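Structure first, then comments.
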Number of protein chains: 2
Amino acid sequence: MSVLPKSVEKVIEAFGRLPGVGPKSASRMAYFFLRAPKERAEELAEALVKMKESTVRCSLCQNVADSDPCGICADSSRNGLQICVVEEPLDVVAIESAGIFRGLYFVLGGVISPADGIGPEELRMREFRNRLKDIISGASETRNIEETLEVVVATNPSLEGEATAAYVFDLVKTLRKGLDFEITVSRLARGLPTGADLEYADRTTLKKALEGRTKM
Amino acid sequence: MSVLPKSVEKVIEAFGRLPGVGPKSASRMAYFFLRAPKERAEELAEALVKMKESTVRCSLCQNVADSDPCGICADSSRNGLQICVVEEPLDVVAIESAGIFRGLYFVLGGVISPADGIGPEELRMREFRNRLKDIISGASETRNIEETLEVVVATNPSLEGEATAAYVFDLVKTLRKGLDFEITVSRLARGLPTGADLEYADRTTLKKALEGRTKM
């Protein structure tokens with residue numbers, strides 16, 4: 001005989017599938033809803049279903065959005081010749097919260113990770129290539145012909161993120177060939193994070209911080 | 001303009017209310033469902049609503065259950081004169097998984113915690129008292145009059161757990177007065193957990209382990 005009601009076990013199972021949620025946390029979450037008023041459970045249930053129903057993918061930046069094109073891509077006050085390439089939608093949220101980038105985004109939908117069987121084909125590289133072509137032809141038609149398109153690669157500073165950044169760089173290099181349009185590619189700076197303790201910094205971070213040292 | 005679709009923010013909010021889930025984890029959970037097929041979100045949504053609809057509280061032990069009385073309370077092979085008092089339903093699961101206790105349970109629904117404004121009135125102390133009375137009168141009516149009721153207090157080894165255990169002890173002591181029925185109260189042993197390293201054990205644990213030392 002199982003101690004737990006079947007319906008509780010099902011909720012624990014469903015929570016247990018979430019990233020970073022072990023069986024203990026999943027149990028605690030289920031019991032939170034058991035103790036909470038019915039409305040709490042209904043709230044999450046409705047929000048989940050509604051989220052899946054109401055979100056679309058922006059056809060320009062591939063980010064999840066309320067509308068297509070999304071608010072950022074539709075914002076004409078943003079710099080359309082700066083495109084920041086990120087792994088996931090949450091990266092857009094993070095960069096936006098810094099409040100310094102005023103260009104557009106492109107969400108790849110992951111990173112190249114041979115260990116997980118994820119190659120460039122599994123990411124939105126084709127869509128990215130097409131997006132760049134559209135930007136270039138759009139700019140060529142208007143007065144922007146003299147300007148430069150900057151691709152800011154903001155993948156994570158991990159092995160997979162670096163591999164993906166290298167792939168994006170190659171993609172842009174190939175695209176640029178024979179084009180009458182300048183495209184530069186940049187990468188987020190590596191170094192010591194704010195508030196870090198030099199004493200506890202790892203070797204790679206220190207190496208990058210030294211290599212990338214700036215004049216005072 | 002918010003970067004996140006409203007519907008996504010709502011899901012993040014709902015996950016953020018869960019115990020031990022910060023804003024970052026809540027965001028990751030929401031994005032897990034954004035990326036996963038629709039069925040995953042529906043699965044959790046349905047399981048949550050169904051759980052709230054289909055579970056009842058056992059009127060005997062106050063545990064969440066499929067039926068009233070619950071499977072444990074209805075199991076006549078269990079020792080009805082041993083009652084283990086726990087804080088929460090998950091504690092029943094933990095003790096049952098040890099597979100050694102064959103008595104009944106009583107779920108208090110929390111611990112006495114003045115800091116959180118939780119006194120004995122906020123717990124199921126009245127129900128506990130009535131449960132004990134019922135057990136005693138039931139036993140008195142049958143052949144069990146000569147037997148002893150054992151209350152095993154299994155609240156957590158925390159300040160609040162100890163305060164609650166003391167309250168339970170007093171409650172039983174008061175109830176026992178003038179009764180022709182023996183009730184003993186025991187408490188789970190304190191000491192070194194299996195696999196612990198004596199060198200790293202905290203002072204309180206070591207103190208309890210010494211005080212509770214057993215003859216070899």
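Ordering of the structure tokens sets the chain letters (A, B, ...), residue numbers begin anew at 1 in every chain, and ligands are numbered from 1 in the order given.
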
Discussion item. Excluding range 102-112 of chain A and its own-chain neighbours fewer than 5 positions away, which residues fall within 10 Å of it when counting only C-alpha atoms? Please give them as a count of residues only.
Written reply: 59

Tell me which protein, DNA and RNA residues are within 12 Å of Thr214 in chain A, counting only C-alpha atoms, leaving out same-chain ones fewer than 2 positions away, and put them as a PDB file with N, CA and C atoms, in the first residue's frame.
ATOM      1  N   ALA A 189      32.692  40.752 -23.000  1.00  0.00           N
ATOM      2  CA  ALA A 189      33.985  40.697 -22.330  1.00  0.00           C
ATOM      3  C   ALA A 189      34.005  39.608 -21.278  1.00  0.00           C
ATOM      4  N   ARG A 190      35.194  38.980 -21.130  1.00  0.00           N
ATOM      5  CA  ARG A 190      35.417  38.024 -20.056  1.00  0.00           C
ATOM      6  C   ARG A 190      36.300  38.684 -19.029  1.00  0.00           C
ATOM      7  N   GLY A 191      36.087  38.380 -17.758  1.00  0.00           N
ATOM      8  CA  GLY A 191      36.930  38.962 -16.719  1.00  0.00           C
ATOM      9  C   GLY A 191      36.345  38.729 -15.356  1.00  0.00           C
ATOM     10  N   LYS A 208      41.572  35.245 -18.453  1.00  0.00           N
ATOM     11  CA  LYS A 208      40.787  36.117 -19.341  1.00  0.00           C
ATOM     12  C   LYS A 208      40.857  37.573 -18.883  1.00  0.00           C
ATOM     13  N   ALA A 209      40.862  37.756 -17.544  1.00  0.00           N
ATOM     14  CA  ALA A 209      40.908  39.117 -17.003  1.00  0.00           C
ATOM     15  C   ALA A 209      42.234  39.787 -17.337  1.00  0.00           C
ATOM     16  N   LEU A 210      43.301  38.977 -17.309  1.00  0.00           N
ATOM     17  CA  LEU A 210      44.630  39.516 -17.638  1.00  0.00           C
ATOM     18  C   LEU A 210      44.748  39.799 -19.131  1.00  0.00           C
ATOM     19  N   GLU A 211      44.325  38.836 -19.941  1.00  0.00           N
ATOM     20  CA  GLU A 211      44.387  38.998 -21.396  1.00  0.00           C
ATOM     21  C   GLU A 211      43.585  40.208 -21.857  1.00  0.00           C
ATOM     22  N   GLY A 212      42.463  40.412 -21.183  1.00  0.00           N
ATOM     23  CA  GLY A 212      41.571  41.483 -21.628  1.00  0.00           C
ATOM     24  C   GLY A 212      41.753  42.770 -20.864  1.00  0.00           C
ATOM     25  N   MET A 216      44.072  52.201 -18.003  1.00  0.00           N
ATOM     26  CA  MET A 216      43.370  53.068 -17.065  1.00  0.00           C
ATOM     27  C   MET A 216      43.583  54.537 -17.435  1.00  0.00           C
TER      28      MET A 216
END

Contact check, chain A to chain B, at most 7 Å, counting only C-alpha atoms, closest pairs as CSV:
residue,atom,partner,partner_atom,distance
A:Val3,CA,B:Val93,CA,6.2
A:Leu4,CA,B:Ala65,CA,6.9
A:Pro5,CA,B:Asp66,CA,5.2
A:Ser7,CA,B:Met51,CA,4.9
A:Val8,CA,B:Met51,CA,5.8
A:Lys10,CA,B:Ala47,CA,6.1
A:Val11,CA,B:Ala47,CA,5.4
A:Ala14,CA,B:Leu44,CA,5.5
A:Leu18,CA,B:Met29,CA,6.2
A:Pro19,CA,B:Met29,CA,6.7
A:Met29,CA,B:Leu18,CA,6.1
A:Phe32,CA,B:Leu18,CA,6.9
A:Leu34,CA,B:Lys52,CA,6.5
A:Lys38,CA,B:Lys52,CA,6.3
A:Ala41,CA,B:Leu48,CA,5.8
A:Glu42,CA,B:Val49,CA,6.1
A:Leu44,CA,B:Ala14,CA,5.5
A:Ala45,CA,B:Ala45,CA,3.9
A:Glu46,CA,B:Ala45,CA,7.0
A:Ala47,CA,B:Val11,CA,5.4
A:Leu48,CA,B:Ala41,CA,5.8
A:Val49,CA,B:Glu42,CA,6.1
A:Lys50,CA,B:Ser7,CA,6.7
A:Met51,CA,B:Ser7,CA,4.9
A:Lys52,CA,B:Lys38,CA,6.3
A:Ala65,CA,B:Pro5,CA,5.4
A:Asp66,CA,B:Pro5,CA,5.2
A:Val93,CA,B:Val3,CA,6.2

Fill in: Residues within 12 Å of Pro193 in chain B, only C-alpha atoms, excluding chain neighbours under 5 positions, as a PyMOL selection string
chain B and resi 198+200-202+205-206+208-209

Worksheet entry | Distance in Å - CA of Thr148 in chain B versus CA of Pro69 in chain B | 23.2 Å

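CA of Val172 in chain A is positioned 8.4 Å from CA of Thr184 in chain A.
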
Discussion item. Please identify the strand (DSSP E or B) residues within range 30-142 of chain B (assignment by DSSP from backbone atoms) and present them as a list of chain:residue names.
Written reply: B:Val56, B:Arg57, B:Val64, B:Ala65, B:Asn79, B:Gly80, B:Leu81, B:Gln82, B:Ile83, B:Cys84, B:Val85, B:Val86, B:Gly103, B:Leu104, B:Tyr105, B:Phe106, B:Val107, B:Ser113, B:Ile118

Worksheet item: If you run DSSP on this backbone, which residues of range 25-139 of chain B come out as alpha helix (DSSP H), and could you give them as number ranges by chain?
Response: B: 25-35, 38-54, 71-74, 89-98, 125-139

Keeping C-alpha atoms, export the residues of the selection given above as a short mmCIF file (atom, residue, chain, number, x, y, z; two decimals), in the first residue's frame.
data_model
loop_
_atom_site.label_atom_id
_atom_site.label_comp_id
_atom_site.auth_asym_id
_atom_site.auth_seq_id
_atom_site.Cartn_x
_atom_site.Cartn_y
_atom_site.Cartn_z
CA SER B 25 14.46 29.10 -10.45
CA ALA B 26 10.89 30.24 -11.07
CA SER B 27 11.97 31.74 -14.40
CA ARG B 28 13.77 28.56 -15.36
CA MET B 29 10.70 26.50 -14.53
CA ALA B 30 8.46 28.73 -16.62
CA TYR B 31 10.85 28.49 -19.55
CA PHE B 32 11.01 24.74 -19.18
CA PHE B 33 7.28 24.65 -19.88
CA LEU B 34 7.60 27.19 -22.69
CA ARG B 35 10.02 24.89 -24.47
CA LYS B 38 1.97 21.60 -24.52
CA GLU B 39 1.13 18.27 -22.88
CA ARG B 40 3.72 18.79 -20.15
CA ALA B 41 2.07 22.00 -18.96
CA GLU B 42 -1.40 20.47 -19.19
CA GLU B 43 -0.22 17.43 -17.26
CA LEU B 44 0.93 19.50 -14.29
CA ALA B 45 -2.12 21.77 -14.49
CA GLU B 46 -4.51 18.83 -14.45
CA ALA B 47 -2.62 16.96 -11.75
CA LEU B 48 -2.71 20.03 -9.49
CA VAL B 49 -6.43 20.62 -9.86
CA LYS B 50 -7.21 16.92 -9.54
CA MET B 51 -5.10 16.62 -6.41
CA LYS B 52 -7.01 19.43 -4.73
CA GLU B 53 -10.31 17.88 -5.77
CA SER B 54 -9.63 14.27 -4.92
CA GLY B 71 -5.33 3.42 4.33
CA ILE B 72 -3.10 3.39 7.40
CA CYS B 73 -5.88 4.16 9.91
CA ALA B 74 -8.13 1.57 8.23
CA PRO B 89 2.31 14.50 5.88
CA LEU B 90 5.79 14.09 4.40
CA ASP B 91 7.03 12.95 7.81
CA VAL B 92 4.61 10.03 7.60
CA VAL B 93 6.09 9.12 4.23
CA ALA B 94 9.61 9.27 5.68
CA ILE B 95 8.79 7.09 8.70
CA GLU B 96 6.84 4.60 6.61
CA SER B 97 9.80 4.28 4.26
CA ALA B 98 11.92 3.13 7.20
CA MET B 125 -4.06 19.79 19.21
CA ARG B 126 -7.80 19.62 19.95
CA GLU B 127 -8.22 16.91 17.31
CA PHE B 128 -5.22 15.10 18.79
CA ARG B 129 -6.72 15.19 22.26
CA ASN B 130 -10.05 13.87 20.96
CA ARG B 131 -8.27 11.16 19.00
CA LEU B 132 -6.46 9.98 22.12
CA LYS B 133 -9.72 9.99 24.08
CA ASP B 134 -11.38 7.90 21.36
CA ILE B 135 -8.51 5.43 21.33
CA ILE B 136 -8.66 5.12 25.12
CA SER B 137 -12.44 4.66 25.30
CA GLY B 138 -12.29 2.22 22.39
CA ALA B 139 -9.59 0.23 24.13
#

Worksheet entry | Which residue of A:Asp68, A:Leu192, A:Pro114, A:Pro157 approaches Lys207 in chain A most closely, using only C-alpha atoms |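 Looking only at the distances to Lys207 in chain A, the closest residue turns out to be A:Leu192.
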